[in-house]
Each structure stands twice: as structure tokens, then as C-alpha cells.
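This report concerns only the one structure given below.
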Amino acid sequence: MPLRRRLTCTAAIAAGLVALAGLLPALAQDRGRESVRVAYAGPPQTWPAPWIDPGVAFVELAAAPPPARHSPEAELGGRLFRDPLLSADGRIACASCHDPAHGFSVPEAVGRGIGGAPGRRNPPALFAVAGRPRLDWDGGGGNLSARVLAPLTAADEMGNTSLAPVIARLGASAHTADFTRLFGAEGASPRTLAAALVAYLETLDTLTRFDRFMAGDRAALSDTEVSGLHLFRTKARCANCHFGPRLTDEGFHNLRLSFFGEPAQDLGRFSVTGAADDAGRFRTVSLRHVSESPPFMHNGLFPTLEGVVNLYDRGGGEVWARNAREAARPLYGEAARRSPHLRPLGLTAGEKAALVAFLKAL
């Protein structure tokens, strides 16, 4: 074979090998996704073991129970939820801070109450709120029945001095006939107002693609999303705090996002219990419909889920002390004590993207 022809053939072979080498990572990724898809093809008891820390009362991920059916009480509660009549100035409704069009939260870092007063924290989304033992970021609200009327008399929320003027306004409104029809002679009262609002809030959940996947429709999630599910349960360590049908352990954890010692300081659960160990701990949110209500975290710090994933990938936030005097401040040690479930993860860009894709399916 002439030299020129041999050189041409050699060059062609070399180019082919280079092209093949470029394809190998993609082929390996495809094979990896296929193997993960196979691993999650069966029921949860056949899935790979989750990476769970000792002492965590893990419950396998599951579809959420169906929400309560709509009832006449719930229909009334929905109208009340949207009615600014409940606020002192007639301008703020429950839906002002828990907007159904924004995942029952707001697109800003914090909500705004009467007179435009800024709230302290991001309004928690209300999906699957029924049955949760403690509400609010610090858990101070108790359960749904205990919490539902509290915003009406909060000075920075709906601004009423007591429930009496609220009930008086309802008694003179178009709602009074519905209260009488549903609750008889009692009509509008704090008890019946709470009952109607709770009945509505108990309906707030809808089927997700993850629910369909858990019900046996394995095509409901893409290969990338199934890879994200696997990461969620293993390398990304999400399932140490987000598990079960509501995707929460109902606990309180310190992500080192309290901004201790700074103007934006918020010590979370400590403000309720006064226990030093609770400094910087916040309630684990449910991840159902999580992508519908940015920004995220108690202070609305992250506008995207990508930002949240980056926080966990680095092992949480920071609580700083610039010198020994600052480090000696009361509660500094507790506020700086990161949850033991957090650690740097070393996720690749592709793994982060897969995890975010899965979160958007929840």
C-alpha cells in the first residue's frame, strides 16, 4: 500500500478512535440510566437500599393519601380564604400570602401584611398541610386547627385587634346565609370560621407525576428523573429528612442559615422553645409541589431549586465568628452546629441536574 494511502487510513482510524472516545462518557451515562431505571422498575421494597444515617426513623417514599373531598364547608372556606373582608383594612386575604397561583405562597422572599408590612419569613406552601403535627417554620403554630385563625389577629398579617370584629363583619356580609345554612343557629363564630377554613385547606393537594410513578406508572418519570430519585435516596442524602408520603420527617434541623449575629438573624425553633439546642433549627418542609413556590427556605434566600441543591452539595450554610469575642457569644456554638445529616456531597453537574429534575416531578 502506498505511503500516502497508509497515512490517510491511519489518520481516518485515529479520527474514528477520537470520536469514539468522545462518545464513551455519553454511552456510559446512558447505560447507567438504564441500569437505574431497571433498579426502580419494581415496587419500593425491591429498590436499592437508601443511604440513611443511624437513628433516622426512615419511611420509604410513597404517594400521598388523597386529600379530603370538597364539601359545602370547604366551598365556603375557599371563598373566605380569598376574601379580604377577614383583614382589618379589607385589603389582605389569606390568599394574599398563600396565592394558589404560586403554589400557595408568594414569589417574594417574604409576604406582606396589613399596610404593606413585610413579614418575617417566606409564607410556607399549603399543599398537604392537613395532618401535619406542627406548622410554621419554627413549629410554633401547632396543628392546622390551632393555627388557622392566628393570622387574623397578627399585627403584621391581617391586623385585627381580636376575632370579635371579624365575626361582626362576617355576620353583616353575604357569607352569613352560608354560615347559617351549614352551621345552624351558631352562624358565624370563631369555631365555625375555623371549621370552614380547615375544611378548605384539607382539600389542598393534587396528583403529581411522582404519585403516578408510585402507583405503578413507571413511564411517569423520565430516565433523568429516575436517576434523580436514586440520588435523592442515596448520594444526595435527601431521604434522611424528606421521606414518607409527605416527604418530610416533621422535624427541625440546623442548616446554618440563621444569619446568627447579623441584622437578618432568625434563630427559628429557639424562638418558640427557648432551648439552646434549637438555635438555628427550622422545620423540614414537605417537598410535595416544591417547584411551584419559589423562592425557597425560611427566608426566601434561593430563587431556584438549583441554588438549594448547591447549598446541600456544599454541606449547608455558614455561621461566622470573626474573633474569639464573637465566638463566645451566647448561642453561637448551638447556631453554628450543623445538622449531622449534612455534609459535602461532591455531586457532579449532571447529578445536580437529575436531582432538580426529580424535585420538579414531586
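Following the order of the C-alpha cells, first chain is A, next is B, and so on, with residues numbered from 1 inside each chain and ligands from 1 in the order they appear.
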
**Report entry** Distance query segment 115-131 of chain A at most 7 Å, only C-alpha atoms, self and fewer than 2 positions along chain excluded, as JSON, numbers by chain
**Finding:** {"A": [97, 98, 103, 104, 105, 106, 109, 110, 111, 112, 113, 133, 136, 144, 156, 201, 202, 204, 205, 288, 293, 298, 299, 300]}

How would the residues just chosen look if you wrote them out with N, CA, C and O atoms as a short mmCIF file (atom, residue, chain, number, x, y, z; two decimals), in the first residue's frame?
```
data_model
loop_
_atom_site.label_atom_id
_atom_site.label_comp_id
_atom_site.auth_asym_id
_atom_site.auth_seq_id
_atom_site.Cartn_x
_atom_site.Cartn_y
_atom_site.Cartn_z
N CYS A 97 -50.99 36.01 50.88
CA CYS A 97 -49.69 35.43 51.23
C CYS A 97 -49.60 33.96 50.85
O CYS A 97 -48.51 33.39 50.86
N HIS A 98 -50.73 33.34 50.55
CA HIS A 98 -50.76 31.94 50.14
C HIS A 98 -51.53 31.85 48.82
O HIS A 98 -52.66 31.38 48.77
N GLY A 103 -48.29 28.25 44.06
CA GLY A 103 -48.04 27.15 44.99
C GLY A 103 -48.45 27.44 46.41
O GLY A 103 -47.88 26.91 47.36
N PHE A 104 -49.43 28.33 46.59
CA PHE A 104 -49.91 28.73 47.92
C PHE A 104 -48.80 29.38 48.74
O PHE A 104 -48.70 29.20 49.95
N SER A 105 -47.99 30.17 48.06
CA SER A 105 -47.01 31.03 48.72
C SER A 105 -46.95 32.32 47.91
O SER A 105 -47.93 32.69 47.27
N VAL A 106 -45.83 33.03 47.96
CA VAL A 106 -45.67 34.27 47.19
C VAL A 106 -44.34 34.23 46.45
O VAL A 106 -43.41 33.52 46.85
N ALA A 109 -39.49 37.08 48.74
CA ALA A 109 -38.82 36.43 49.88
C ALA A 109 -39.74 36.31 51.07
O ALA A 109 -39.74 35.30 51.79
N VAL A 110 -40.55 37.35 51.32
CA VAL A 110 -41.48 37.34 52.45
C VAL A 110 -42.83 37.84 51.97
O VAL A 110 -42.94 38.52 50.94
N GLY A 111 -43.88 37.50 52.73
CA GLY A 111 -45.19 38.03 52.43
C GLY A 111 -45.36 39.42 53.02
O GLY A 111 -44.52 39.90 53.80
N ARG A 112 -46.45 40.08 52.63
CA ARG A 112 -46.73 41.41 53.16
C ARG A 112 -48.13 41.42 53.77
O ARG A 112 -49.08 40.93 53.18
N GLY A 113 -48.23 41.99 54.96
CA GLY A 113 -49.48 42.04 55.67
C GLY A 113 -50.17 43.38 55.56
O GLY A 113 -49.95 44.14 54.60
N PRO A 133 -48.33 17.73 62.19
CA PRO A 133 -48.45 17.99 63.63
C PRO A 133 -48.08 19.40 64.05
O PRO A 133 -48.58 19.92 65.05
N ASP A 136 -45.77 26.30 60.56
CA ASP A 136 -44.83 27.42 60.64
C ASP A 136 -43.39 26.90 60.60
O ASP A 136 -43.11 25.75 60.94
N LEU A 144 -53.13 22.30 62.25
CA LEU A 144 -53.93 23.17 61.38
C LEU A 144 -55.07 23.84 62.12
O LEU A 144 -55.31 25.06 61.98
N ASP A 156 -48.77 42.05 62.10
CA ASP A 156 -48.08 42.21 60.82
C ASP A 156 -48.70 41.36 59.71
O ASP A 156 -48.14 41.27 58.62
N LEU A 201 -58.68 23.95 53.51
CA LEU A 201 -57.25 23.65 53.50
C LEU A 201 -56.98 22.15 53.39
O LEU A 201 -55.97 21.73 52.83
N GLU A 202 -57.88 21.35 53.93
CA GLU A 202 -57.71 19.89 53.85
C GLU A 202 -57.86 19.35 52.43
O GLU A 202 -57.50 18.21 52.16
N LEU A 204 -56.31 20.74 49.85
CA LEU A 204 -55.23 21.32 49.04
C LEU A 204 -54.12 20.33 48.74
O LEU A 204 -53.06 20.31 49.38
N ASP A 205 -54.36 19.50 47.79
CA ASP A 205 -53.30 18.67 47.21
C ASP A 205 -53.81 18.15 45.88
O ASP A 205 -55.02 18.03 45.67
N ARG A 288 -43.75 18.13 48.51
CA ARG A 288 -44.81 17.99 47.52
C ARG A 288 -45.03 19.34 46.81
O ARG A 288 -45.20 20.36 47.46
N SER A 293 -43.36 26.98 44.22
CA SER A 293 -43.41 28.13 45.13
C SER A 293 -42.04 28.70 45.45
O SER A 293 -41.68 28.85 46.62
N HIS A 298 -36.65 29.35 54.64
CA HIS A 298 -37.49 30.15 55.53
C HIS A 298 -37.40 31.63 55.22
O HIS A 298 -38.33 32.39 55.51
N ASN A 299 -36.29 32.07 54.65
CA ASN A 299 -36.08 33.48 54.35
C ASN A 299 -36.15 33.79 52.86
O ASN A 299 -35.79 34.89 52.44
N GLY A 300 -36.59 32.82 52.06
CA GLY A 300 -36.67 33.04 50.62
C GLY A 300 -35.32 33.31 49.99
O GLY A 300 -35.20 34.05 49.02
#
```

Requested in this report: Tell me, as an MDAnalysis selection string, which residues lie within 7 Å of Leu152 of chain A, counting only C-alpha atoms; anything in the same chain fewer than 5 positions away does not count.
Outcome: chainID A and resid 86:87 157:160

Query - Contacts of Thr176 of chain A within 10 Å, only C-alpha atoms, excl. fewer than 5 positions in-chain, as a ChimeraX atom specification - result: /A:167,169-171,181-182,187-188

Query raised in the report: Which residues come within 9 Å of Val356 of chain A, counting only C-alpha atoms, excluding same-chain residues fewer than 6 positions away, as a PyMOL selection string?
Result: chain A and resi 225+228+305-306+309

Report task. Identify which of the residues A:Leu362, A:Val166, A:Leu257, A:Leu229 lies closest to Tyr40 of chain A, counting only C-alpha atoms when measuring atom-to-atom distances. Result ->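 Distance minimum relative to Tyr40 of chain A lands on A:Leu229.
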
Query raised in the report: Which residues, written as a PyMOL selection string, have at least one atom at most 8 Å from Ala194 of chain A, with only C-alpha atoms counted and residues fewer than 6 positions away on the same chain left out?
Result: chain A and resi 145+148-149

Can those selected residues be exported to a file as a JSON list (two decimals), in the first residue's frame so that it contains N, CA, C and O atoms?
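Final file, out-v2.json:
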```json
[["chain", "number", "residue", "atom", "x", "y", "z"],
["A", 145, "SER", "N", -55.80, 23.09, 62.93],
["A", 145, "SER", "CA", -56.93, 23.66, 63.65],
["A", 145, "SER", "C", -56.48, 24.75, 64.63],
["A", 145, "SER", "O", -57.17, 25.76, 64.82],
["A", 148, "VAL", "N", -55.09, 28.05, 62.25],
["A", 148, "VAL", "CA", -55.77, 28.66, 61.11],
["A", 148, "VAL", "C", -56.27, 30.07, 61.37],
["A", 148, "VAL", "O", -56.31, 30.90, 60.45],
["A", 149, "LEU", "N", -56.63, 30.41, 62.60],
["A", 149, "LEU", "CA", -57.15, 31.75, 62.89],
["A", 149, "LEU", "C", -56.07, 32.72, 63.35],
["A", 149, "LEU", "O", -56.33, 33.94, 63.43]]
```

Report task. Determine the nearest neighbour of Val198 of chain A from the options A:Ala146, A:Ile92, A:Ala349, A:Val59, counting only C-alpha atoms. Result -> A:Ala146

With a cut-off of 9 Å, could you pull out the residues of segment 45-132 of chain A touching segment 36-39 of chain A and give me the nearest pair of atoms for each, distance in Å to one decimal, using only C-alpha atoms, ordered by chain and ascending number, as a tab-separated table?
```
residue	atom	partner	partner_atom	distance
A:Thr46	CA	A:Ala39	CA	7.7
A:Trp47	CA	A:Ala39	CA	5.9
A:Pro48	CA	A:Ala39	CA	6.8
```

Filtering to N, CA, C and O atoms, could you give me those residues as a short mmCIF file (atom, residue, chain, number, x, y, z; two decimals), in the first residue's frame?
```
data_model
loop_
_atom_site.label_atom_id
_atom_site.label_comp_id
_atom_site.auth_asym_id
_atom_site.auth_seq_id
_atom_site.Cartn_x
_atom_site.Cartn_y
_atom_site.Cartn_z
N THR A 46 -38.17 -3.50 46.47
CA THR A 46 -37.12 -4.08 45.63
C THR A 46 -36.08 -3.03 45.21
O THR A 46 -35.12 -3.37 44.54
N TRP A 47 -36.27 -1.79 45.61
CA TRP A 47 -35.35 -0.73 45.21
C TRP A 47 -34.01 -0.86 45.94
O TRP A 47 -33.92 -1.52 46.99
N PRO A 48 -32.97 -0.20 45.43
CA PRO A 48 -31.70 -0.17 46.17
C PRO A 48 -31.89 0.41 47.57
O PRO A 48 -32.75 1.27 47.79
#
```

Requested in this report: Please provide as a list of chain:residue names all residues within 6 Å of segment 333-342 of chain A, with the sequence filter that same-chain residues fewer than 3 positions apart are discarded (counting only C-alpha atoms).
Outcome: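 Surrounding residues, per the criterion: A:His253, A:Asn254, A:Leu255, A:Arg256, A:Asp277, A:Ala279, A:Gly280, A:Gly315, A:Val319.
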
Written file, previous selection with N, CA and C atoms, as a compact mmCIF listing (two decimals), in the first residue's frame:
```
# COMPACT_ATOMS: atom_id res chain seq x y z
N HIS A 253 -34.18 21.10 61.85
CA HIS A 253 -32.76 20.87 61.57
C HIS A 253 -32.04 22.21 61.33
N ASN A 254 -30.77 22.22 61.67
CA ASN A 254 -29.95 23.42 61.53
C ASN A 254 -29.11 23.30 60.25
N LEU A 255 -29.45 24.13 59.26
CA LEU A 255 -28.69 24.17 58.01
C LEU A 255 -27.64 25.27 58.01
N ARG A 256 -27.48 25.92 59.15
CA ARG A 256 -26.61 27.09 59.30
C ARG A 256 -27.04 28.21 58.36
N ASP A 277 -30.36 24.26 72.25
CA ASP A 277 -30.11 23.32 71.15
C ASP A 277 -30.95 23.61 69.92
N ALA A 279 -31.43 26.59 68.61
CA ALA A 279 -30.99 27.79 67.91
C ALA A 279 -30.59 27.45 66.47
N GLY A 280 -31.26 28.07 65.52
CA GLY A 280 -30.94 27.85 64.11
C GLY A 280 -31.68 26.70 63.46
N GLY A 315 -22.71 21.25 51.84
CA GLY A 315 -22.81 20.85 53.24
C GLY A 315 -23.51 21.86 54.12
N VAL A 319 -22.17 29.89 59.75
CA VAL A 319 -22.35 30.82 60.87
C VAL A 319 -20.95 31.29 61.26
```

Report task. Check the DSSP output for the backbone and give back, as a PyMOL selection string, the residues of segment 175-271 of chain A in strand (DSSP E or B). Result -> chain A and resi 252-254+268

Those residues you just picked out, can you put them in a file as an mmCIF file, in the first residue's frame with N, CA, C and O atoms?
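The resulting file, result-v7.cif, is reproduced below:
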```cif
data_model
loop_
_atom_site.group_PDB
_atom_site.id
_atom_site.type_symbol
_atom_site.label_atom_id
_atom_site.label_comp_id
_atom_site.auth_asym_id
_atom_site.auth_seq_id
_atom_site.Cartn_x
_atom_site.Cartn_y
_atom_site.Cartn_z
ATOM 1 N N PHE A 252 -36.928 19.289 62.973
ATOM 2 C CA PHE A 252 -36.300 20.602 62.897
ATOM 3 C C PHE A 252 -34.799 20.396 62.783
ATOM 4 O O PHE A 252 -34.203 19.636 63.554
ATOM 5 N N HIS A 253 -34.177 21.095 61.847
ATOM 6 C CA HIS A 253 -32.756 20.875 61.568
ATOM 7 C C HIS A 253 -32.044 22.206 61.335
ATOM 8 O O HIS A 253 -32.634 23.170 60.848
ATOM 9 N N ASN A 254 -30.775 22.219 61.669
ATOM 10 C CA ASN A 254 -29.946 23.418 61.527
ATOM 11 C C ASN A 254 -29.114 23.303 60.251
ATOM 12 O O ASN A 254 -28.181 22.495 60.179
ATOM 13 N N GLY A 268 -35.100 30.602 64.508
ATOM 14 C CA GLY A 268 -36.019 29.515 64.229
ATOM 15 C C GLY A 268 -36.693 28.937 65.459
ATOM 16 O O GLY A 268 -37.315 29.646 66.248
#
```

**Report entry** alpha helix (DSSP H) per DSSP on the backbone: members of segment 175-276 of chain A, as number ranges by chain
**Finding:** A: 176-183, 190-201, 209-214, 223-233, 270-273

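Separating atom CA of Lys235 of chain A from atom CA of Trp51 of chain A is a distance of 7.1 Å.
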
Report task. Compile the contact shell of Arg322 of chain A as an MDAnalysis selection string: residues with an atom at most 12 Å away, counting only C-alpha atoms, same-chain residues fewer than 4 positions apart removed. Result -> chainID A and resid 261 326:329 332

Requested in this report: Could you jot down the atom CA of Glu250 of chain A to atom CA of Val285 of chain A separation for me, Å, one decimal place?
Outcome: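 Between atom CA of Glu250 of chain A and atom CA of Val285 of chain A the gap is 7.5 Å.
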